[in-house]
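S.K.: So that you have it, the file is final_28.csv, and it contains CSV, C-alpha atoms:
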chain,number,residue,atom,x,y,z
A,28,MET,CA,22.7,-9.9,-18.9
A,29,GLY,CA,22.9,-12.5,-21.7
A,30,THR,CA,19.3,-12.0,-22.7
A,31,LEU,CA,19.8,-8.4,-23.5
A,32,ASP,CA,20.5,-7.2,-27.0
A,33,ILE,CA,23.8,-5.5,-27.8
A,34,GLN,CA,22.4,-2.0,-27.8
A,35,GLN,CA,20.8,-2.4,-24.4
A,36,ARG,CA,24.0,-4.1,-23.0
A,37,LYS,CA,25.9,-0.9,-23.9
A,38,VAL,CA,23.9,1.2,-21.5
A,39,ALA,CA,22.5,-1.3,-19.0
A,40,VAL,CA,23.6,-1.2,-15.3
A,41,PRO,CA,23.4,-4.6,-13.6
A,42,PHE,CA,22.8,-4.9,-9.9
A,43,PHE,CA,21.2,-7.0,-7.2
A,44,GLY,CA,17.7,-6.2,-6.2
A,45,HIS,CA,17.6,-5.4,-2.5
A,46,ILE,CA,15.0,-6.9,-0.2
A,47,TRP,CA,13.3,-4.2,1.9
A,48,GLY,CA,15.3,-3.7,5.1
A,49,GLN,CA,18.2,-6.1,4.1
A,50,ASN,CA,21.7,-5.0,3.4
A,51,GLN,CA,22.6,-7.0,0.4
A,52,SER,CA,25.9,-8.8,0.7
A,53,ASP,CA,27.6,-12.1,-0.2
A,54,LEU,CA,26.0,-13.5,3.0
A,55,THR,CA,22.4,-13.2,1.6
A,56,ALA,CA,21.6,-16.9,2.3
A,57,VAL,CA,23.0,-16.6,5.9
A,58,ASP,CA,21.0,-13.4,6.5
A,59,LEU,CA,17.8,-15.1,5.3
A,60,ASN,CA,18.3,-18.2,7.4
A,61,SER,CA,19.4,-16.5,10.7
A,62,GLY,CA,17.2,-13.4,10.7
A,63,PHE,CA,18.4,-10.0,11.8
A,64,PRO,CA,20.0,-9.4,15.2
A,65,GLY,CA,17.8,-7.6,17.6
A,66,ASP,CA,14.4,-6.2,16.7
A,67,ALA,CA,13.7,-7.1,13.1
A,68,SER,CA,10.0,-6.2,13.1
A,69,GLY,CA,8.9,-4.7,9.8
A,70,LEU,CA,11.7,-6.3,7.7
A,71,ASP,CA,10.9,-8.5,4.8
A,72,TYR,CA,13.1,-11.6,5.3
A,73,VAL,CA,10.4,-13.0,7.5
A,74,ASN,CA,9.3,-16.1,9.5
A,75,GLY,CA,7.5,-17.1,6.4
A,76,LEU,CA,10.8,-17.3,4.6
A,77,SER,CA,12.7,-19.3,7.2
A,78,GLY,CA,11.9,-21.5,10.1
A,79,SER,CA,14.8,-20.0,12.0
A,80,SER,CA,14.3,-16.3,11.2
A,81,ASN,CA,13.4,-14.1,14.1
A,82,ALA,CA,11.8,-11.4,12.0
A,83,SER,CA,8.0,-10.9,11.9
A,84,ALA,CA,6.1,-12.6,9.1
A,85,THR,CA,4.1,-10.7,6.5
A,86,THR,CA,2.0,-13.6,5.1
A,87,PHE,CA,-1.3,-14.1,3.5
A,88,THR,CA,-3.7,-16.9,2.8
A,89,LEU,CA,-6.2,-17.3,0.0
A,90,GLY,CA,-8.2,-20.5,0.1
A,91,GLY,CA,-5.5,-23.2,-0.1
A,92,THR,CA,-2.9,-20.7,-1.2
A,93,TYR,CA,-0.2,-19.6,1.3
A,94,GLY,CA,2.1,-16.8,0.5
A,95,VAL,CA,4.7,-14.3,1.6
A,96,ALA,CA,4.8,-10.7,0.4
A,97,ILE,CA,8.3,-9.2,0.0
A,98,ARG,CA,9.1,-5.6,-0.9
A,99,VAL,CA,11.9,-5.3,-3.4
A,100,LEU,CA,13.6,-1.9,-4.0
A,101,GLN,CA,14.0,-0.7,-7.5
A,102,PRO,CA,15.8,2.4,-8.9
A,103,HIS,CA,14.1,5.7,-8.4
A,104,TYR,CA,15.6,6.8,-11.7
A,105,GLY,CA,16.0,4.6,-14.7
A,106,GLN,CA,13.9,1.9,-16.2
A,107,LEU,CA,14.2,-1.8,-15.3
A,108,ILE,CA,15.0,-3.8,-18.4
A,109,GLU,CA,15.9,-7.1,-16.6
A,110,CYS,CA,14.5,-8.6,-13.4
A,111,LYS,CA,15.1,-12.3,-12.7
A,112,LEU,CA,14.7,-14.4,-9.5
A,113,ASP,CA,16.9,-17.2,-8.3
A,114,ILE,CA,15.5,-19.1,-5.4
A,115,ASN,CA,16.5,-22.3,-3.6
A,116,MET,CA,14.2,-23.7,-0.8
A,117,SER,CA,14.3,-26.7,1.4
A,118,PHE,CA,11.1,-28.4,2.7
A,119,ALA,CA,10.0,-31.3,4.8
A,120,SER,CA,9.8,-34.6,2.9
A,121,ALA,CA,6.0,-34.6,3.6
A,122,ASP,CA,5.8,-31.4,1.4
A,123,ASN,CA,6.8,-33.1,-1.8
A,124,GLY,CA,4.3,-32.2,-4.5
A,125,ILE,CA,3.4,-28.8,-3.1
A,126,GLY,CA,3.3,-26.3,-5.9
A,127,PHE,CA,5.3,-23.1,-5.8
A,128,TYR,CA,4.7,-20.1,-8.0
A,129,CYS,CA,5.3,-16.3,-7.7
A,130,ALA,CA,3.4,-13.2,-8.6
A,131,ILE,CA,3.8,-9.5,-8.5
A,132,GLY,CA,1.6,-7.8,-5.9
A,133,THR,CA,0.6,-4.3,-5.1
A,134,PHE,CA,0.9,-1.8,-2.3
A,135,ALA,CA,-2.2,-1.2,-0.1
A,136,SER,CA,-1.6,2.6,-0.3
A,137,MET,CA,0.3,4.7,-2.8
A,138,ALA,CA,0.8,7.5,-0.2
A,139,GLN,CA,4.3,6.4,0.5
A,140,THR,CA,3.2,4.1,3.4
A,141,TYR,CA,4.9,1.1,1.6
A,142,ILE,CA,2.4,-1.4,3.1
A,143,GLN,CA,2.0,-4.5,1.1
A,144,ASN,CA,-1.4,-5.5,0.0
A,145,LEU,CA,-2.2,-9.0,1.4
A,146,SER,CA,-5.6,-9.4,-0.4
A,147,TYR,CA,-5.7,-11.0,-3.9
A,148,THR,CA,-8.0,-13.1,-5.9
A,149,GLN,CA,-6.7,-16.4,-7.2
A,150,SER,CA,-7.3,-15.1,-10.7
A,151,GLU,CA,-5.0,-12.1,-10.1
A,152,LEU,CA,-2.2,-14.5,-8.8
A,153,ASP,CA,-2.7,-16.9,-11.7
A,154,GLN,CA,-2.6,-14.1,-14.3
A,155,SER,CA,0.6,-12.7,-12.9
A,156,TRP,CA,2.3,-16.1,-12.7
A,157,ALA,CA,1.2,-16.8,-16.4
A,158,LYS,CA,3.0,-13.6,-17.4
A,159,ILE,CA,6.1,-14.7,-15.6
A,160,ASN,CA,6.1,-18.4,-16.5
A,161,GLY,CA,4.2,-18.5,-19.8
A,162,HIS,CA,1.6,-20.9,-18.4
A,163,ASN,CA,-0.2,-21.7,-15.1
A,164,ALA,CA,1.6,-24.9,-14.1
A,165,HIS,CA,3.3,-24.5,-10.7
A,166,LEU,CA,6.8,-25.7,-9.9
A,167,PRO,CA,6.5,-28.8,-7.7
A,168,VAL,CA,8.6,-29.5,-4.5
A,169,THR,CA,10.7,-32.5,-5.5
A,170,SER,CA,13.0,-34.4,-3.1
A,171,GLY,CA,12.3,-31.9,-0.4
A,172,SER,CA,13.5,-28.9,-2.4
A,173,ILE,CA,12.9,-26.3,-5.1
A,174,ASN,CA,15.8,-24.9,-7.1
A,175,ALA,CA,14.7,-22.3,-9.7
A,176,LYS,CA,16.9,-19.9,-11.6
A,177,ALA,CA,16.3,-17.0,-13.9
A,178,ILE,CA,12.6,-16.7,-13.3
A,179,ASN,CA,11.7,-13.7,-15.4
A,180,LEU,CA,9.7,-11.3,-13.3
A,181,LEU,CA,9.8,-8.4,-15.8
A,182,PRO,CA,6.7,-9.2,-17.9
A,183,ALA,CA,4.5,-9.0,-14.7
A,184,LEU,CA,6.0,-5.8,-13.3
A,185,TYR,CA,3.6,-2.8,-13.5
A,186,PRO,CA,5.0,-0.3,-16.0
A,187,TYR,CA,5.4,3.4,-15.4
A,188,GLY,CA,2.1,5.1,-15.7
A,189,ASN,CA,0.1,2.1,-14.4
A,190,ALA,CA,-2.0,2.9,-11.3
A,191,ASN,CA,-0.1,0.1,-9.4
A,192,TYR,CA,3.3,1.3,-10.4
A,193,PHE,CA,5.4,2.5,-7.5
A,194,GLU,CA,8.7,4.2,-8.2
A,195,ASP,CA,10.6,3.0,-5.2
A,196,ALA,CA,9.7,-0.7,-4.9
A,197,PHE,CA,7.6,-3.6,-6.1
A,198,VAL,CA,6.0,-6.4,-4.2
A,199,LEU,CA,7.1,-10.0,-4.9
A,200,LEU,CA,4.7,-12.7,-3.8
A,201,LEU,CA,6.1,-16.2,-3.1
A,202,CYS,CA,3.0,-18.5,-3.3
A,203,PHE,CA,2.3,-22.1,-2.5
A,204,ASP,CA,-0.8,-24.0,-3.3
A,205,LYS,CA,-0.6,-25.5,0.2
A,206,GLN,CA,1.1,-24.2,3.3
A,207,PRO,CA,4.6,-25.8,3.8
A,208,THR,CA,5.6,-27.3,7.1
A,209,LEU,CA,7.2,-24.1,8.4
A,210,ALA,CA,9.4,-25.8,11.0
A,211,ASN,CA,11.3,-27.4,8.1
A,212,PHE,CA,10.9,-24.6,5.5
A,213,ILE,CA,14.2,-22.8,4.8
A,214,VAL,CA,15.0,-20.4,2.0
A,215,ASN,CA,18.6,-21.2,1.2
A,216,TRP,CA,19.0,-18.3,-1.1
A,217,LEU,CA,16.8,-15.7,-2.8
A,218,ASN,CA,18.6,-13.4,-5.2
A,219,ILE,CA,17.0,-10.9,-7.7
A,220,HIS,CA,19.2,-9.8,-10.6
A,221,GLN,CA,18.2,-6.5,-12.2
A,222,SER,CA,19.5,-4.3,-15.0
A,223,THR,CA,18.5,-0.7,-15.6
A,224,THR,CA,19.1,2.0,-18.1
A,225,GLY,CA,20.0,5.4,-16.7
A,226,ILE,CA,21.3,6.0,-13.2
A,227,ALA,CA,20.0,3.9,-10.3
Write the structure described by the file as structure tokens, please.

M.R.:
Amino acid sequence: MGTLDIQQRKVAVPFFGHIWGQNQSDLTAVDLNSGFPGDASGLDYVNGLSGSSNASATTFTLGGTYGVAIRVLQPHYGQLIECKLDINMSFASADNGIGFYCAIGTFASMAQTYIQNLSYTQSELDQSWAKINGHNAHLPVTSGSINAKAINLLPALYPYGNANYFEDAFVLLLCFDKQPTLANFIVNWLNIHQSTTGIA
């Protein structure tokens, strides 16, 4: 919470953002890499996230863009005042130079069906990433990995009152300008750090 001012820090409640269907624990990286025992269909740590996951993928393609749509729970009460992503991924050596970026997606229906929208224009993805990163340059895969910390998602989240705001969750899109070699693609960790005012 080092980026929050003193007044916010007095009332802010920090917590981990939970991926839909995942019980957050200290074994997050293990959970992502091994999948969920038994039937994991419908959960959001997906094949697209890990070459060894046994969950079903929720992926989309847009031209040369390949992406994964992940639902992240947010507090039903209280306002998010901090939302940052830490992510570490391993790739095949042939994937060096692939660009990674993220964006905030939408739900296909607001009738509490919680289904991620998998259809976006490149302009929508670029605009969301620019809000997050401050510019459109993607993060390149270097030496077979990406290690990014404290990616500030908050500026791209839909605010209360927006037609795309959903009180229970938001959609995080992990995007690549070229599909990685999935057999060698592993998310070593994906953590979302949030703070809220009020009671979560």

S.K.: Find, counting all atoms listed in the file, the residue in A:Asn123, A:Gln154, A:Gln101, A:Asn115 that gets nearest to Thr208 in chain A.

M.R.: A:Asn123

S.K.: Identify, on the basis of only C-alpha atoms, every residue whose closest approach to Cys202 in chain A does not exceed 7 Å; exclude the query and any residue fewer than 5 positions from it along the same chain; express the result as an NGL selection string.

M.R.: :A and (92-95 or 127-129)

S.K.: So how far away is CA of Glu194 in chain A from CA of His103 in chain A, in Å?

M.R.: 5.6 Å

S.K.: From the set A:Gly126, A:Val198, A:Tyr141, A:Leu181, which residue has the shortest atom-to-atom contact distance to Ala164 in chain A, counting all atoms listed in the file?

M.R.: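 Counting all atoms listed in the file, the residue closest to Ala164 in chain A is A:Gly126.
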
S.K.: Grab the CA of Ala135 in chain A to CA of Asp153 in chain A distance for me, in Å with one decimal place.

M.R.: 19.5 Å

S.K.: Please indicate the distance in Å from CA of Leu184 in chain A to CA of Met116 in chain A, rounded to one decimal place.

M.R.: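 Straight-line distance from CA of Leu184 in chain A to CA of Met116 in chain A works out to 23.3 Å.
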
S.K.: From the list A:Cys110, A:Thr223, A:Phe118, A:Leu209, which residue is nearest Ile178 in chain A when using all atoms listed in the file?

M.R.: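 Going through A:Cys110, A:Thr223, A:Phe118, A:Leu209 one by one, the smallest distance to Ile178 in chain A is for A:Cys110.
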
S.K.: Could you list, as a PDB file with C-alpha atoms, in the frame of the given file, every residue within 12 Å of Gly132 in chain A, counting all atoms listed in the file and ignoring same-chain residues fewer than 3 positions away?

M.R.:
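So the final result, stored in selection.pdb, reads:
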ATOM      1  CA  PHE A  87      -1.300 -14.100   3.500  1.00  0.00           C
ATOM      2  CA  GLY A  94       2.100 -16.800   0.500  1.00  0.00           C
ATOM      3  CA  VAL A  95       4.700 -14.300   1.600  1.00  0.00           C
ATOM      4  CA  ALA A  96       4.800 -10.700   0.400  1.00  0.00           C
ATOM      5  CA  ILE A  97       8.300  -9.200   0.000  1.00  0.00           C
ATOM      6  CA  ARG A  98       9.100  -5.600  -0.900  1.00  0.00           C
ATOM      7  CA  VAL A  99      11.900  -5.300  -3.400  1.00  0.00           C
ATOM      8  CA  CYS A 129       5.300 -16.300  -7.700  1.00  0.00           C
ATOM      9  CA  ALA A 135      -2.200  -1.200  -0.100  1.00  0.00           C
ATOM     10  CA  ILE A 142       2.400  -1.400   3.100  1.00  0.00           C
ATOM     11  CA  GLN A 143       2.000  -4.500   1.100  1.00  0.00           C
ATOM     12  CA  ASN A 144      -1.400  -5.500   0.000  1.00  0.00           C
ATOM     13  CA  LEU A 145      -2.200  -9.000   1.400  1.00  0.00           C
ATOM     14  CA  SER A 146      -5.600  -9.400  -0.400  1.00  0.00           C
ATOM     15  CA  TYR A 147      -5.700 -11.000  -3.900  1.00  0.00           C
ATOM     16  CA  THR A 148      -8.000 -13.100  -5.900  1.00  0.00           C
ATOM     17  CA  GLU A 151      -5.000 -12.100 -10.100  1.00  0.00           C
ATOM     18  CA  LEU A 152      -2.200 -14.500  -8.800  1.00  0.00           C
ATOM     19  CA  ASP A 153      -2.700 -16.900 -11.700  1.00  0.00           C
ATOM     20  CA  GLN A 154      -2.600 -14.100 -14.300  1.00  0.00           C
ATOM     21  CA  SER A 155       0.600 -12.700 -12.900  1.00  0.00           C
ATOM     22  CA  TRP A 156       2.300 -16.100 -12.700  1.00  0.00           C
ATOM     23  CA  LEU A 180       9.700 -11.300 -13.300  1.00  0.00           C
ATOM     24  CA  ALA A 183       4.500  -9.000 -14.700  1.00  0.00           C
ATOM     25  CA  LEU A 184       6.000  -5.800 -13.300  1.00  0.00           C
ATOM     26  CA  TYR A 185       3.600  -2.800 -13.500  1.00  0.00           C
ATOM     27  CA  ASN A 191      -0.100   0.100  -9.400  1.00  0.00           C
ATOM     28  CA  TYR A 192       3.300   1.300 -10.400  1.00  0.00           C
ATOM     29  CA  PHE A 193       5.400   2.500  -7.500  1.00  0.00           C
ATOM     30  CA  ALA A 196       9.700  -0.700  -4.900  1.00  0.00           C
ATOM     31  CA  PHE A 197       7.600  -3.600  -6.100  1.00  0.00           C
ATOM     32  CA  VAL A 198       6.000  -6.400  -4.200  1.00  0.00           C
ATOM     33  CA  LEU A 199       7.100 -10.000  -4.900  1.00  0.00           C
ATOM     34  CA  LEU A 200       4.700 -12.700  -3.800  1.00  0.00           C
ATOM     35  CA  LEU A 201       6.100 -16.200  -3.100  1.00  0.00           C
ATOM     36  CA  CYS A 202       3.000 -18.500  -3.300  1.00  0.00           C
TER      37      CYS A 202
END

S.K.: Using only C-alpha atoms, which protein or nucleic acid residues come within 7 Å of Ala177 in chain A? Drop anything in the same chain fewer than 3 positions from it, and give the result as number ranges by chain.

M.R.: A: 111-113

S.K.: Excluding Pro182 in chain A and any residue of its chain fewer than 5 positions from it, enumerate the residues within 10 Å of it, using only C-alpha atoms, and give them as a ChimeraX atom specification.

M.R.: /A:108-110,131,155-161

S.K.: Could those selected residues go to a file with C-alpha atoms, as a JSON list (two decimals), in the coordinates of the input?

M.R.:
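File produced: result27.json:
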[["chain", "number", "residue", "atom", "x", "y", "z"],
["A", 108, "ILE", "CA", 15.00, -3.80, -18.40],
["A", 109, "GLU", "CA", 15.90, -7.10, -16.60],
["A", 110, "CYS", "CA", 14.50, -8.60, -13.40],
["A", 131, "ILE", "CA", 3.80, -9.50, -8.50],
["A", 155, "SER", "CA", 0.60, -12.70, -12.90],
["A", 156, "TRP", "CA", 2.30, -16.10, -12.70],
["A", 157, "ALA", "CA", 1.20, -16.80, -16.40],
["A", 158, "LYS", "CA", 3.00, -13.60, -17.40],
["A", 159, "ILE", "CA", 6.10, -14.70, -15.60],
["A", 160, "ASN", "CA", 6.10, -18.40, -16.50],
["A", 161, "GLY", "CA", 4.20, -18.50, -19.80]]

S.K.: Taking all atoms listed in the file into account, which of A:Ala190, A:Ala175, A:Ile125, A:Ile114 comes nearest Asn218 in chain A?

M.R.: A:Ile114
